Amino acid sequence: MTAQPNVMPMSPDNPALDRLRDLAEQQWLNHGPETAVDGLRLTRAPEPSGTIRALYQTSFCIVLQGAKVTIIGEQAFHYRQGECLFASVNLPVNSRIVEATPEKPYVALSLSIDPAMISELLVAHPEMAYRGPKRTALATAPVPEELYDPLIRLLRLLDQPVDRDVMEPLIRREIGWRLLRSPLGPALQQIGMKDSDTARIGRVTAWMHANYRQPFKVGDLADMANMSPASFHRHFKAITQLTPVQFQKRVRLQEARRLLFSEQEVASVGYQVGYESPSQFSRDYRKLFGAPPGRDKAVLRSSVAIESEV
């Protein structure tokens, strides 16, 4: 087994973390949360948030200042300055920023991970392949020391458009390799192994995320994962903490809330996200968000933070 790299202890005197945090905050001020690097998102918040209902994609998030908690099912994942969260499949989650002040705002960055790139690295280095038990879709760990430098170089590319096309793929591959050799390696390796349970369920959740309006049969999803229906249902629940029906409902309702937030009419939103019954849409919406769509729309902008990524 390849030795894992050292992990920097969480400390306010971590110079590499401080450099990355300062750069991320400056780039947030310069470019905003969405950046020219595909899948790279920056977050800065001067106070704790309300509930953030998000659709996480295969990605990781590093907290550079402050703290956050993310929940799937009954599991809560707490991570703070110097720690990161990895999401192995597309997944609807609830989260909250729990530590932030105007003087020390919450600062974080997230970056999508391409499973195909991880597969290529594992083919070239089969000794890295993880053969242990399957894991849930989320995992946390301290940030590896070796990850800070490539992330700093990636953020600097935002101001170097001439270099970006050449350097970005190289830096992302280095980041993937550093993560593979970190404590998050086992979770990451499972998305790169095409026949692993996580990779199979990940392909299904990606399809469900892209086609959430469409009705489905569990048997068809099981065929997509190359599993029996019973095995598929068991693995899906173990990894996502949701049944396939619950997963689709969460994705539909979170998309409905996004549409309401963008000033779509309440009457049409349910149909747009795949509901055939307005009354069923209203009941499900109230159950998840605590208020019917019309009332919730009136307070969305001031009471709840909404994200689309980690």
# chains A, B, ... in the order shown; residues from 1 in each chain; ligands from 1

call {"tool": "residues_around", "arguments": {"residues": "Ile72 of chain A", "least_positions_apart": "5", "cutoff": "12 Å", "atoms": "only C-alpha atoms", "output": "ChimeraX atom specification"}}
result
/A:53-56,77-78,87,91-95,136-139,237-242,246-247,250

call {"tool": "select_by_dssp", "arguments": {"residues": "segment 157-288 of chain A", "states": "alpha helix (DSSP H)", "output": "ChimeraX atom specification"}}
result
/A:161-180,185-192,197-210,218-225,229-240,244-261,266-272,278-288

call {"tool": "write_last_selection", "arguments": {"atoms": "C-alpha atoms", "output": "mmCIF file, in the first residue's frame"}}
result
data_model
loop_
_atom_site.group_PDB
_atom_site.id
_atom_site.type_symbol
_atom_site.label_atom_id
_atom_site.label_comp_id
_atom_site.auth_asym_id
_atom_site.auth_seq_id
_atom_site.Cartn_x
_atom_site.Cartn_y
_atom_site.Cartn_z
ATOM 1 C CA PRO A 161 -6.599 33.411 -19.008
ATOM 2 C CA VAL A 162 -3.779 32.831 -21.514
ATOM 3 C CA ASP A 163 -2.374 29.999 -19.357
ATOM 4 C CA ARG A 164 -5.690 28.526 -18.247
ATOM 5 C CA ASP A 165 -6.403 26.109 -21.124
ATOM 6 C CA VAL A 166 -2.969 24.500 -20.837
ATOM 7 C CA MET A 167 -2.421 24.561 -17.083
ATOM 8 C CA GLU A 168 -5.895 23.828 -15.699
ATOM 9 C CA PRO A 169 -6.055 20.131 -16.801
ATOM 10 C CA LEU A 170 -2.568 19.514 -15.411
ATOM 11 C CA ILE A 171 -3.334 21.106 -12.053
ATOM 12 C CA ARG A 172 -6.684 19.292 -11.769
ATOM 13 C CA ARG A 173 -4.940 15.978 -12.408
ATOM 14 C CA GLU A 174 -2.404 16.796 -9.689
ATOM 15 C CA ILE A 175 -5.249 17.634 -7.307
ATOM 16 C CA GLY A 176 -6.902 14.303 -8.096
ATOM 17 C CA TRP A 177 -3.661 12.476 -7.388
ATOM 18 C CA ARG A 178 -3.100 14.317 -4.110
ATOM 19 C CA LEU A 179 -6.638 13.453 -3.002
ATOM 20 C CA LEU A 180 -6.158 9.797 -3.944
ATOM 21 C CA GLY A 185 -8.457 8.318 -0.990
ATOM 22 C CA PRO A 186 -10.736 5.315 -0.305
ATOM 23 C CA ALA A 187 -13.880 7.385 -0.938
ATOM 24 C CA LEU A 188 -12.369 8.901 -4.075
ATOM 25 C CA GLN A 189 -11.090 5.583 -5.403
ATOM 26 C CA GLN A 190 -14.566 4.091 -5.378
ATOM 27 C CA ILE A 191 -15.843 6.635 -7.923
ATOM 28 C CA GLY A 192 -12.979 5.765 -10.253
ATOM 29 C CA ASP A 197 -21.071 -0.037 -5.966
ATOM 30 C CA THR A 198 -20.408 3.689 -5.509
ATOM 31 C CA ALA A 199 -19.573 4.224 -9.179
ATOM 32 C CA ARG A 200 -22.662 2.300 -10.306
ATOM 33 C CA ILE A 201 -24.977 4.213 -7.987
ATOM 34 C CA GLY A 202 -23.202 7.431 -8.982
ATOM 35 C CA ARG A 203 -24.063 6.858 -12.637
ATOM 36 C CA VAL A 204 -27.707 6.357 -11.678
ATOM 37 C CA THR A 205 -27.899 9.456 -9.462
ATOM 38 C CA ALA A 206 -26.288 11.522 -12.227
ATOM 39 C CA TRP A 207 -28.960 10.286 -14.638
ATOM 40 C CA MET A 208 -31.719 10.987 -12.106
ATOM 41 C CA HIS A 209 -30.349 14.459 -11.486
ATOM 42 C CA ALA A 210 -30.368 15.237 -15.213
ATOM 43 C CA VAL A 218 -36.784 0.860 -10.124
ATOM 44 C CA GLY A 219 -36.110 -2.120 -12.391
ATOM 45 C CA ASP A 220 -34.854 0.204 -15.127
ATOM 46 C CA LEU A 221 -32.554 2.004 -12.681
ATOM 47 C CA ALA A 222 -31.296 -1.370 -11.436
ATOM 48 C CA ASP A 223 -30.508 -2.373 -15.022
ATOM 49 C CA MET A 224 -28.603 0.891 -15.448
ATOM 50 C CA ALA A 225 -26.507 -0.056 -12.400
ATOM 51 C CA PRO A 229 -33.681 -4.625 -8.078
ATOM 52 C CA ALA A 230 -33.233 -5.785 -4.471
ATOM 53 C CA SER A 231 -29.462 -5.269 -4.524
ATOM 54 C CA PHE A 232 -29.843 -1.896 -6.236
ATOM 55 C CA HIS A 233 -32.340 -0.646 -3.666
ATOM 56 C CA ARG A 234 -30.092 -1.771 -0.797
ATOM 57 C CA HIS A 235 -26.933 -0.167 -2.211
ATOM 58 C CA PHE A 236 -28.741 3.037 -3.226
ATOM 59 C CA LYS A 237 -30.085 3.531 0.302
ATOM 60 C CA ALA A 238 -26.739 2.690 1.930
ATOM 61 C CA ILE A 239 -24.833 5.223 -0.173
ATOM 62 C CA THR A 240 -27.328 8.108 -0.496
ATOM 63 C CA PRO A 244 -34.813 6.277 -5.282
ATOM 64 C CA VAL A 245 -38.311 7.783 -4.889
ATOM 65 C CA GLN A 246 -37.134 10.036 -2.043
ATOM 66 C CA PHE A 247 -34.094 11.056 -4.086
ATOM 67 C CA GLN A 248 -36.217 12.098 -7.078
ATOM 68 C CA LYS A 249 -38.651 13.964 -4.840
ATOM 69 C CA ARG A 250 -35.828 15.926 -3.160
ATOM 70 C CA VAL A 251 -34.317 16.883 -6.502
ATOM 71 C CA ARG A 252 -37.705 17.950 -7.889
ATOM 72 C CA LEU A 253 -38.584 20.034 -4.850
ATOM 73 C CA GLN A 254 -35.204 21.731 -4.648
ATOM 74 C CA GLU A 255 -35.464 22.625 -8.335
ATOM 75 C CA ALA A 256 -38.998 23.919 -7.656
ATOM 76 C CA ARG A 257 -37.639 26.156 -4.931
ATOM 77 C CA ARG A 258 -34.952 27.466 -7.246
ATOM 78 C CA LEU A 259 -37.616 28.312 -9.824
ATOM 79 C CA LEU A 260 -39.675 30.108 -7.188
ATOM 80 C CA PHE A 261 -36.571 32.010 -6.117
ATOM 81 C CA VAL A 266 -46.232 29.136 -8.285
ATOM 82 C CA ALA A 267 -49.023 27.647 -10.397
ATOM 83 C CA SER A 268 -46.676 26.398 -13.082
ATOM 84 C CA VAL A 269 -43.653 25.339 -11.027
ATOM 85 C CA GLY A 270 -45.041 21.960 -9.938
ATOM 86 C CA TYR A 271 -45.722 20.953 -13.525
ATOM 87 C CA GLN A 272 -42.284 22.166 -14.622
ATOM 88 C CA PRO A 278 -50.836 20.588 -7.776
ATOM 89 C CA SER A 279 -52.179 19.390 -4.418
ATOM 90 C CA GLN A 280 -49.503 16.653 -4.161
ATOM 91 C CA PHE A 281 -46.813 19.189 -5.092
ATOM 92 C CA SER A 282 -48.041 21.547 -2.367
ATOM 93 C CA ARG A 283 -48.145 18.767 0.259
ATOM 94 C CA ASP A 284 -44.641 17.509 -0.562
ATOM 95 C CA TYR A 285 -43.269 21.047 -0.686
ATOM 96 C CA ARG A 286 -44.755 21.927 2.709
ATOM 97 C CA LYS A 287 -43.398 18.717 4.237
ATOM 98 C CA LEU A 288 -39.824 19.437 3.081
#

call {"tool": "atom_distance", "arguments": {"atom1": "atom CA of Arg213 of chain A", "atom2": "atom CA of Glu276 of chain A"}}
result
10.4 Å

call {"tool": "select_by_dssp", "arguments": {"residues": "segment 3-102 of chain A", "states": "strand (DSSP E)", "output": "number ranges by chain"}}
result
A: 40-45, 52-56, 59-65, 67-72, 75-80, 83-87, 91-99

call {"tool": "atom_distance", "arguments": {"atom1": "atom CA of Ile113 of chain A", "atom2": "atom CA of Ala24 of chain A"}}
result
18.8 Å
